[in-house]
>>> print(open('model_9.cif').read())   # mmCIF, N, CA and C atoms
data_entry
loop_
_atom_site.label_atom_id
_atom_site.label_comp_id
_atom_site.auth_asym_id
_atom_site.auth_seq_id
_atom_site.Cartn_x
_atom_site.Cartn_y
_atom_site.Cartn_z
N MET W 18 -24.48 20.49 73.71
CA MET W 18 -24.68 21.42 72.66
C MET W 18 -23.58 21.29 71.61
N ALA W 19 -23.08 20.16 71.49
CA ALA W 19 -22.07 19.90 70.48
C ALA W 19 -22.68 19.90 69.10
N LEU W 20 -24.00 19.72 69.03
CA LEU W 20 -24.64 19.68 67.72
C LEU W 20 -24.62 21.04 67.03
N SER W 21 -24.66 22.11 67.76
CA SER W 21 -24.68 23.41 67.14
C SER W 21 -23.27 23.95 66.89
N SER W 22 -22.26 23.26 67.38
CA SER W 22 -20.89 23.71 67.19
C SER W 22 -20.47 23.49 65.73
N PRO W 23 -19.80 24.49 65.14
CA PRO W 23 -19.41 24.32 63.73
C PRO W 23 -18.35 23.25 63.54
N GLU W 24 -17.63 22.88 64.59
CA GLU W 24 -16.60 21.88 64.43
C GLU W 24 -17.05 20.53 64.94
N GLY W 25 -18.25 20.43 65.31
CA GLY W 25 -18.80 19.19 65.85
C GLY W 25 -19.33 18.30 64.74
N PRO W 26 -20.04 17.27 65.14
CA PRO W 26 -20.57 16.31 64.17
C PRO W 26 -21.60 16.94 63.24
N ALA W 27 -22.15 18.08 63.59
CA ALA W 27 -23.17 18.68 62.74
C ALA W 27 -22.55 19.42 61.55
N ALA W 28 -21.22 19.62 61.54
CA ALA W 28 -20.57 20.33 60.43
C ALA W 28 -20.65 19.49 59.16
N PRO W 29 -20.86 20.14 58.04
CA PRO W 29 -20.97 19.36 56.79
C PRO W 29 -19.63 18.69 56.46
N ALA W 30 -19.69 17.41 56.26
CA ALA W 30 -18.49 16.63 55.92
C ALA W 30 -18.31 16.65 54.40
N GLN W 31 -17.06 16.54 53.97
CA GLN W 31 -16.81 16.49 52.53
C GLN W 31 -17.24 15.13 52.02
N THR W 32 -17.94 15.16 50.91
CA THR W 32 -18.42 13.91 50.34
C THR W 32 -17.41 13.42 49.31
N PRO W 33 -17.21 12.12 49.23
CA PRO W 33 -16.29 11.58 48.23
C PRO W 33 -16.87 11.80 46.83
N PRO W 34 -16.03 11.82 45.80
CA PRO W 34 -16.54 12.03 44.44
C PRO W 34 -17.54 10.95 44.08
N ALA W 35 -18.51 11.32 43.30
CA ALA W 35 -19.56 10.38 42.89
C ALA W 35 -18.93 9.27 42.06
N ALA W 36 -19.57 8.12 42.07
CA ALA W 36 -19.05 6.96 41.35
C ALA W 36 -19.07 7.20 39.84
N SER W 37 -19.90 8.11 39.36
CA SER W 37 -19.99 8.35 37.92
C SER W 37 -18.85 9.23 37.41
N ASP W 38 -18.14 9.94 38.27
CA ASP W 38 -17.01 10.75 37.86
C ASP W 38 -15.79 9.86 37.71
N PRO W 39 -15.22 9.78 36.52
CA PRO W 39 -14.04 8.91 36.35
C PRO W 39 -12.81 9.55 36.98
N SER W 40 -11.95 8.71 37.46
CA SER W 40 -10.71 9.20 38.06
C SER W 40 -9.70 9.51 36.95
N ILE W 41 -8.63 10.17 37.32
CA ILE W 41 -7.59 10.49 36.34
C ILE W 41 -6.99 9.21 35.77
N GLY W 42 -6.82 8.23 36.60
CA GLY W 42 -6.29 6.94 36.13
C GLY W 42 -7.21 6.30 35.10
N ASP W 43 -8.53 6.38 35.35
CA ASP W 43 -9.49 5.83 34.39
C ASP W 43 -9.42 6.59 33.06
N LEU W 44 -9.32 7.92 33.14
CA LEU W 44 -9.24 8.72 31.93
C LEU W 44 -7.98 8.40 31.13
N ILE W 45 -6.86 8.28 31.84
CA ILE W 45 -5.61 7.94 31.16
C ILE W 45 -5.70 6.55 30.54
N GLY W 46 -6.34 5.62 31.24
CA GLY W 46 -6.53 4.28 30.70
C GLY W 46 -7.37 4.29 29.43
N GLU W 47 -8.44 5.09 29.42
CA GLU W 47 -9.28 5.20 28.24
C GLU W 47 -8.53 5.83 27.07
N ILE W 48 -7.76 6.87 27.36
CA ILE W 48 -6.96 7.51 26.32
C ILE W 48 -5.96 6.51 25.74
N SER W 49 -5.34 5.75 26.61
CA SER W 49 -4.37 4.75 26.17
C SER W 49 -5.04 3.71 25.27
N GLN W 50 -6.23 3.26 25.66
CA GLN W 50 -6.95 2.28 24.85
C GLN W 50 -7.35 2.89 23.50
N ASP W 51 -7.81 4.14 23.52
CA ASP W 51 -8.20 4.80 22.28
C ASP W 51 -7.01 4.96 21.35
N LEU W 52 -5.87 5.36 21.90
CA LEU W 52 -4.67 5.50 21.07
C LEU W 52 -4.22 4.16 20.51
N SER W 53 -4.31 3.12 21.32
CA SER W 53 -3.94 1.79 20.85
C SER W 53 -4.86 1.35 19.70
N GLN W 54 -6.15 1.59 19.87
CA GLN W 54 -7.10 1.22 18.81
C GLN W 54 -6.85 2.04 17.55
N LEU W 55 -6.57 3.32 17.72
CA LEU W 55 -6.28 4.19 16.57
C LEU W 55 -5.03 3.69 15.84
N LEU W 56 -4.01 3.33 16.58
CA LEU W 56 -2.79 2.83 15.96
C LEU W 56 -3.05 1.52 15.22
N ARG W 57 -3.83 0.63 15.82
CA ARG W 57 -4.16 -0.63 15.14
C ARG W 57 -4.94 -0.36 13.86
N ASP W 58 -5.88 0.59 13.91
CA ASP W 58 -6.66 0.93 12.72
C ASP W 58 -5.78 1.50 11.62
N GLU W 59 -4.83 2.36 12.00
CA GLU W 59 -3.94 2.95 11.01
C GLU W 59 -3.04 1.88 10.38
N ILE W 60 -2.59 0.93 11.18
CA ILE W 60 -1.76 -0.16 10.65
C ILE W 60 -2.57 -1.01 9.68
N GLU W 61 -3.82 -1.30 10.01
CA GLU W 61 -4.68 -2.08 9.11
C GLU W 61 -4.91 -1.34 7.80
N LEU W 62 -5.11 -0.03 7.87
CA LEU W 62 -5.30 0.77 6.66
C LEU W 62 -4.03 0.73 5.80
N ALA W 63 -2.89 0.87 6.44
CA ALA W 63 -1.62 0.83 5.69
C ALA W 63 -1.44 -0.54 5.03
N LYS W 64 -1.77 -1.61 5.74
CA LYS W 64 -1.66 -2.95 5.17
C LYS W 64 -2.55 -3.10 3.94
N ALA W 65 -3.78 -2.61 4.04
CA ALA W 65 -4.71 -2.72 2.93
C ALA W 65 -4.22 -1.95 1.71
N GLU W 66 -3.70 -0.74 1.95
CA GLU W 66 -3.19 0.06 0.83
C GLU W 66 -1.98 -0.59 0.19
N ILE W 67 -1.07 -1.08 0.99
CA ILE W 67 0.14 -1.70 0.45
C ILE W 67 -0.20 -2.98 -0.29
N LYS W 68 -1.18 -3.73 0.21
CA LYS W 68 -1.60 -4.96 -0.47
C LYS W 68 -2.16 -4.64 -1.85
N GLN W 69 -2.97 -3.59 -1.94
CA GLN W 69 -3.56 -3.20 -3.22
C GLN W 69 -2.47 -2.76 -4.21
N GLU W 70 -1.55 -1.93 -3.76
CA GLU W 70 -0.49 -1.46 -4.63
C GLU W 70 0.46 -2.59 -5.01
N SER W 71 0.68 -3.52 -4.11
CA SER W 71 1.55 -4.66 -4.40
C SER W 71 0.94 -5.54 -5.49
N ALA W 72 -0.38 -5.68 -5.48
CA ALA W 72 -1.04 -6.46 -6.52
C ALA W 72 -0.82 -5.81 -7.88
N GLU W 73 -0.93 -4.49 -7.94
CA GLU W 73 -0.69 -3.77 -9.21
C GLU W 73 0.76 -3.95 -9.65
N ALA W 74 1.68 -3.84 -8.70
CA ALA W 74 3.10 -4.02 -9.04
C ALA W 74 3.36 -5.44 -9.53
N GLY W 75 2.69 -6.42 -8.92
CA GLY W 75 2.85 -7.81 -9.34
C GLY W 75 2.40 -8.04 -10.78
N LYS W 76 1.29 -7.41 -11.15
CA LYS W 76 0.82 -7.53 -12.54
C LYS W 76 1.82 -6.91 -13.51
N ALA W 77 2.33 -5.74 -13.15
CA ALA W 77 3.30 -5.06 -14.01
C ALA W 77 4.58 -5.88 -14.13
N VAL W 78 5.04 -6.45 -13.04
CA VAL W 78 6.25 -7.26 -13.07
C VAL W 78 6.01 -8.52 -13.90
N GLY W 79 4.80 -9.09 -13.82
CA GLY W 79 4.46 -10.24 -14.66
C GLY W 79 4.55 -9.91 -16.13
N MET W 80 4.07 -8.72 -16.49
CA MET W 80 4.17 -8.32 -17.90
C MET W 80 5.62 -8.12 -18.32
N LEU W 81 6.42 -7.55 -17.42
CA LEU W 81 7.84 -7.40 -17.74
C LEU W 81 8.51 -8.77 -17.87
N GLY W 82 8.08 -9.72 -17.06
CA GLY W 82 8.60 -11.09 -17.19
C GLY W 82 8.22 -11.69 -18.53
N GLY W 83 6.96 -11.43 -18.96
CA GLY W 83 6.52 -11.89 -20.27
C GLY W 83 7.34 -11.25 -21.38
N ALA W 84 7.67 -9.98 -21.20
CA ALA W 84 8.51 -9.30 -22.19
C ALA W 84 9.91 -9.92 -22.23
N GLY W 85 10.42 -10.31 -21.08
CA GLY W 85 11.72 -10.97 -21.03
C GLY W 85 11.69 -12.32 -21.74
N TYR W 86 10.61 -13.06 -21.52
CA TYR W 86 10.46 -14.35 -22.20
C TYR W 86 10.35 -14.15 -23.71
N ALA W 87 9.56 -13.16 -24.12
CA ALA W 87 9.43 -12.86 -25.54
C ALA W 87 10.78 -12.44 -26.13
N GLY W 88 11.54 -11.68 -25.37
CA GLY W 88 12.88 -11.30 -25.82
C GLY W 88 13.78 -12.50 -26.00
N HIS W 89 13.65 -13.46 -25.10
CA HIS W 89 14.42 -14.70 -25.21
C HIS W 89 14.05 -15.43 -26.49
N LEU W 90 12.76 -15.49 -26.76
CA LEU W 90 12.32 -16.15 -27.99
C LEU W 90 12.81 -15.40 -29.23
N VAL W 91 12.85 -14.07 -29.16
CA VAL W 91 13.38 -13.29 -30.28
C VAL W 91 14.83 -13.69 -30.56
N LEU W 92 15.62 -13.79 -29.51
CA LEU W 92 17.02 -14.18 -29.69
C LEU W 92 17.13 -15.60 -30.23
N LEU W 93 16.33 -16.50 -29.67
CA LEU W 93 16.37 -17.90 -30.11
C LEU W 93 15.96 -18.02 -31.57
N LEU W 94 14.81 -17.44 -31.89
CA LEU W 94 14.34 -17.56 -33.26
C LEU W 94 15.20 -16.74 -34.22
N GLY W 95 15.74 -15.64 -33.74
CA GLY W 95 16.67 -14.87 -34.57
C GLY W 95 17.92 -15.67 -34.89
N SER W 96 18.38 -16.37 -33.89
CA SER W 96 19.56 -17.22 -34.11
C SER W 96 19.24 -18.34 -35.09
N LEU W 97 18.08 -18.94 -34.93
CA LEU W 97 17.67 -19.99 -35.86
C LEU W 97 17.53 -19.43 -37.28
N THR W 98 17.08 -18.20 -37.36
CA THR W 98 16.95 -17.56 -38.67
C THR W 98 18.30 -17.44 -39.35
N VAL W 99 19.27 -17.02 -38.57
CA VAL W 99 20.62 -16.89 -39.15
C VAL W 99 21.14 -18.26 -39.59
N VAL W 100 20.92 -19.27 -38.76
CA VAL W 100 21.37 -20.62 -39.11
C VAL W 100 20.68 -21.10 -40.38
N PHE W 101 19.36 -20.96 -40.43
CA PHE W 101 18.63 -21.41 -41.62
C PHE W 101 18.98 -20.55 -42.84
N ALA W 102 19.27 -19.28 -42.61
CA ALA W 102 19.64 -18.41 -43.73
C ALA W 102 20.94 -18.89 -44.37
N LEU W 103 21.84 -19.33 -43.53
CA LEU W 103 23.10 -19.82 -44.08
C LEU W 103 22.93 -21.20 -44.71
N ALA W 104 22.05 -22.02 -44.16
CA ALA W 104 21.87 -23.38 -44.66
C ALA W 104 21.03 -23.41 -45.93
N ASN W 105 19.96 -22.72 -45.92
CA ASN W 105 19.06 -22.68 -47.08
C ASN W 105 18.88 -21.22 -47.46
N VAL W 106 18.95 -20.95 -48.65
CA VAL W 106 18.96 -19.56 -49.08
C VAL W 106 17.58 -18.92 -48.98
N MET W 107 16.45 -19.60 -49.18
CA MET W 107 15.20 -18.87 -49.24
C MET W 107 14.11 -19.28 -48.27
N ASP W 108 13.34 -20.27 -48.50
CA ASP W 108 12.04 -20.51 -47.90
C ASP W 108 12.03 -20.53 -46.36
N ILE W 109 12.80 -21.35 -45.74
CA ILE W 109 12.77 -21.49 -44.29
C ILE W 109 13.20 -20.17 -43.61
N VAL W 110 14.06 -19.44 -44.23
CA VAL W 110 14.56 -18.19 -43.67
C VAL W 110 13.43 -17.20 -43.48
N TRP W 111 12.62 -17.05 -44.52
CA TRP W 111 11.54 -16.08 -44.42
C TRP W 111 10.52 -16.49 -43.36
N ALA W 112 10.24 -17.75 -43.24
CA ALA W 112 9.29 -18.21 -42.22
C ALA W 112 9.83 -17.93 -40.81
N ALA W 113 11.08 -18.25 -40.60
CA ALA W 113 11.69 -17.99 -39.29
C ALA W 113 11.75 -16.49 -39.01
N LEU W 114 12.00 -15.70 -40.02
CA LEU W 114 12.07 -14.25 -39.85
C LEU W 114 10.71 -13.67 -39.48
N ILE W 115 9.65 -14.18 -40.09
CA ILE W 115 8.30 -13.71 -39.76
C ILE W 115 7.95 -14.04 -38.31
N VAL W 116 8.25 -15.26 -37.86
CA VAL W 116 7.97 -15.64 -36.48
C VAL W 116 8.80 -14.80 -35.52
N THR W 117 10.04 -14.55 -35.86
CA THR W 117 10.89 -13.71 -35.02
C THR W 117 10.32 -12.30 -34.90
N ALA W 118 9.88 -11.75 -36.02
CA ALA W 118 9.30 -10.40 -36.01
C ALA W 118 8.02 -10.38 -35.17
N LEU W 119 7.22 -11.43 -35.27
CA LEU W 119 6.00 -11.51 -34.46
C LEU W 119 6.32 -11.49 -32.97
N TRP W 120 7.30 -12.30 -32.56
CA TRP W 120 7.69 -12.30 -31.15
C TRP W 120 8.29 -10.97 -30.72
N ALA W 121 8.97 -10.30 -31.60
CA ALA W 121 9.52 -8.98 -31.28
C ALA W 121 8.39 -7.99 -31.01
N VAL W 122 7.32 -8.05 -31.80
CA VAL W 122 6.17 -7.16 -31.59
C VAL W 122 5.50 -7.48 -30.26
N VAL W 123 5.26 -8.77 -29.97
CA VAL W 123 4.64 -9.16 -28.71
C VAL W 123 5.49 -8.71 -27.53
N GLY W 124 6.80 -8.92 -27.62
CA GLY W 124 7.69 -8.49 -26.54
C GLY W 124 7.66 -6.99 -26.35
N GLY W 125 7.64 -6.25 -27.43
CA GLY W 125 7.59 -4.79 -27.34
C GLY W 125 6.31 -4.30 -26.69
N VAL W 126 5.17 -4.89 -27.07
CA VAL W 126 3.88 -4.50 -26.48
C VAL W 126 3.86 -4.83 -24.99
N LEU W 127 4.30 -6.01 -24.61
CA LEU W 127 4.32 -6.38 -23.19
C LEU W 127 5.25 -5.47 -22.39
N TYR W 128 6.39 -5.14 -22.96
CA TYR W 128 7.33 -4.28 -22.26
C TYR W 128 6.75 -2.89 -22.03
N VAL W 129 6.20 -2.30 -23.09
CA VAL W 129 5.66 -0.94 -22.97
C VAL W 129 4.49 -0.91 -21.98
N THR W 130 3.60 -1.91 -22.05
CA THR W 130 2.45 -1.96 -21.15
C THR W 130 2.89 -2.17 -19.70
N GLY W 131 3.82 -3.09 -19.48
CA GLY W 131 4.32 -3.35 -18.13
C GLY W 131 5.03 -2.16 -17.53
N ARG W 132 5.84 -1.48 -18.34
CA ARG W 132 6.55 -0.29 -17.86
C ARG W 132 5.57 0.82 -17.50
N LYS W 133 4.54 0.97 -18.32
CA LYS W 133 3.53 2.00 -18.05
C LYS W 133 2.79 1.71 -16.74
N ARG W 134 2.42 0.47 -16.52
CA ARG W 134 1.73 0.11 -15.27
C ARG W 134 2.64 0.25 -14.07
N LEU W 135 3.88 -0.11 -14.22
CA LEU W 135 4.82 -0.03 -13.10
C LEU W 135 5.06 1.42 -12.69
N ARG W 136 5.06 2.32 -13.64
CA ARG W 136 5.21 3.74 -13.31
C ARG W 136 4.01 4.27 -12.55
N GLY W 137 2.83 3.67 -12.75
CA GLY W 137 1.62 4.12 -12.07
C GLY W 137 1.47 3.59 -10.65
N VAL W 138 2.35 2.68 -10.25
CA VAL W 138 2.25 2.09 -8.91
C VAL W 138 2.85 3.04 -7.89
N ASN W 139 2.12 3.25 -6.80
CA ASN W 139 2.58 4.12 -5.72
C ASN W 139 2.54 3.30 -4.43
N LEU W 140 3.69 2.96 -3.90
CA LEU W 140 3.74 2.13 -2.70
C LEU W 140 3.59 2.93 -1.41
N LYS W 141 3.49 4.24 -1.52
CA LYS W 141 3.29 5.08 -0.33
C LYS W 141 1.81 5.02 0.04
N PRO W 142 1.49 4.61 1.27
CA PRO W 142 0.08 4.53 1.68
C PRO W 142 -0.52 5.92 1.91
N GLU W 143 -1.05 6.52 0.85
CA GLU W 143 -1.53 7.90 0.88
C GLU W 143 -2.63 8.12 1.93
N GLN W 144 -3.61 7.23 1.99
CA GLN W 144 -4.71 7.40 2.95
C GLN W 144 -4.20 7.36 4.38
N THR W 145 -3.28 6.45 4.65
CA THR W 145 -2.74 6.34 6.00
C THR W 145 -1.98 7.60 6.39
N VAL W 146 -1.18 8.12 5.47
CA VAL W 146 -0.43 9.34 5.75
C VAL W 146 -1.39 10.48 6.03
N GLU W 147 -2.45 10.59 5.23
CA GLU W 147 -3.42 11.67 5.42
C GLU W 147 -4.15 11.54 6.76
N THR W 148 -4.57 10.33 7.12
CA THR W 148 -5.28 10.18 8.40
C THR W 148 -4.33 10.42 9.58
N LEU W 149 -3.07 10.06 9.43
CA LEU W 149 -2.11 10.35 10.51
C LEU W 149 -1.93 11.85 10.67
N LYS W 150 -1.92 12.58 9.55
CA LYS W 150 -1.83 14.03 9.64
C LYS W 150 -3.07 14.60 10.32
N GLU W 151 -4.24 14.06 9.98
CA GLU W 151 -5.48 14.51 10.62
C GLU W 151 -5.45 14.22 12.12
N ASP W 152 -4.97 13.04 12.49
CA ASP W 152 -4.88 12.67 13.90
C ASP W 152 -3.94 13.62 14.64
N ALA W 153 -2.83 13.97 14.00
CA ALA W 153 -1.87 14.88 14.64
C ALA W 153 -2.50 16.27 14.82
N ARG W 154 -3.24 16.73 13.80
CA ARG W 154 -3.91 18.03 13.93
C ARG W 154 -4.94 17.99 15.05
N TRP W 155 -5.70 16.91 15.14
CA TRP W 155 -6.70 16.78 16.20
C TRP W 155 -6.03 16.73 17.57
N ALA W 156 -4.91 16.02 17.67
CA ALA W 156 -4.22 15.91 18.96
C ALA W 156 -3.72 17.29 19.43
N ARG W 157 -3.33 18.13 18.49
CA ARG W 157 -2.87 19.48 18.85
C ARG W 157 -4.03 20.37 19.25
N HIS W 158 -5.20 20.18 18.62
CA HIS W 158 -6.38 21.01 18.86
C HIS W 158 -7.60 20.10 18.99
N PRO W 159 -7.76 19.42 20.12
CA PRO W 159 -8.82 18.41 20.24
C PRO W 159 -10.24 18.99 20.22
N THR W 160 -10.44 20.25 20.44
CA THR W 160 -11.78 20.80 20.48
C THR W 160 -12.29 21.17 19.11
N SER W 161 -11.40 21.29 18.12
CA SER W 161 -11.83 21.71 16.79
C SER W 161 -12.25 20.55 15.94
#
>>> encode(input="model_9.cif", output="structure tokens")
Amino acid sequence: MALSSPEGPAAPAQTPPAASDPSIGDLIGEISQDLSQLLRDEIELAKAEIKQESAEAGKAVGMLGGAGYAGHLVLLLGSLTVVFALANVMDIVWAALIVTALWAVVGGVLYVTGRKRLRGVNLKPEQTVETLKEDARWARHPTS
């Protein structure tokens, strides 16, 4: 009559957890993978933003370089103007002065445009910062 005894083989045995229930180790592994993927995604976003802003900065710096070259030409042609002014009193002087003035205008336009574009460049990855803030808010309150 061991079958009717509550401590015998007829007593209900505890069943192991079902195979579909993940263990704590599995859950931690999934969280770790998700965090790794999130971090990789954030890094890629930051790279894309910085690349875009760097291209804008490169264009602005190119214009400032053009302004520097134009400034060099202003000095060169200005110097030639002075030389020709002393050598010949009229004709060549006015021609050199007109070319010098033209290069001064080109240099001024390039400088102002390049400076304006450079001021508009923002190297801070705004989208990445915002998504990191969102991730931090979600991590504090994952159900919301």
>>> select_by_dssp(input="model_9.cif", residues="range 112-148 of chain W", states="alpha helix (DSSP H)", output="JSON, numbers by chain")
{"W": [112, 113, 114, 115, 116, 117, 118, 119, 120, 121, 122, 123, 124, 125, 126, 127, 128, 129, 130, 131, 132, 133, 134, 135, 136, 143, 144, 145, 146, 147, 148]}
>>> atom_distance(input="model_9.cif", atom1="CA of Leu62 in chain W", atom2="atom N of Lys141 in chain W")
12.5 Å
>>> closest_residue(input="model_9.cif", among="W:Ala63, W:Val138, W:Leu97, W:Asp38", to="Ile109 in chain W", atoms="all atoms listed in the file")
W:Leu97
>>> residues_around(input="model_9.cif", residues="range 79-86 of chain W", least_positions_apart="6", cutoff="12 Å", atoms="only C-alpha atoms", output="MDAnalysis selection string")
chainID W and resid 72:73 92:93 120:135
>>> atom_distance(input="model_9.cif", atom1="CA of Ala74 in chain W", atom2="CA of Thr117 in chain W")
28.8 Å
>>> atom_distance(input="model_9.cif", atom1="CA of Arg136 in chain W", atom2="CA of Ala65 in chain W")
20.1 Å
>>> resolve_selection(input="model_9.cif", expression="the PyMOL selection byres (((chain W and resi 142-150 and name CA) around 12) and name CA)", output="ChimeraX atom specification")
/W:52,55-71,138-141,151-157
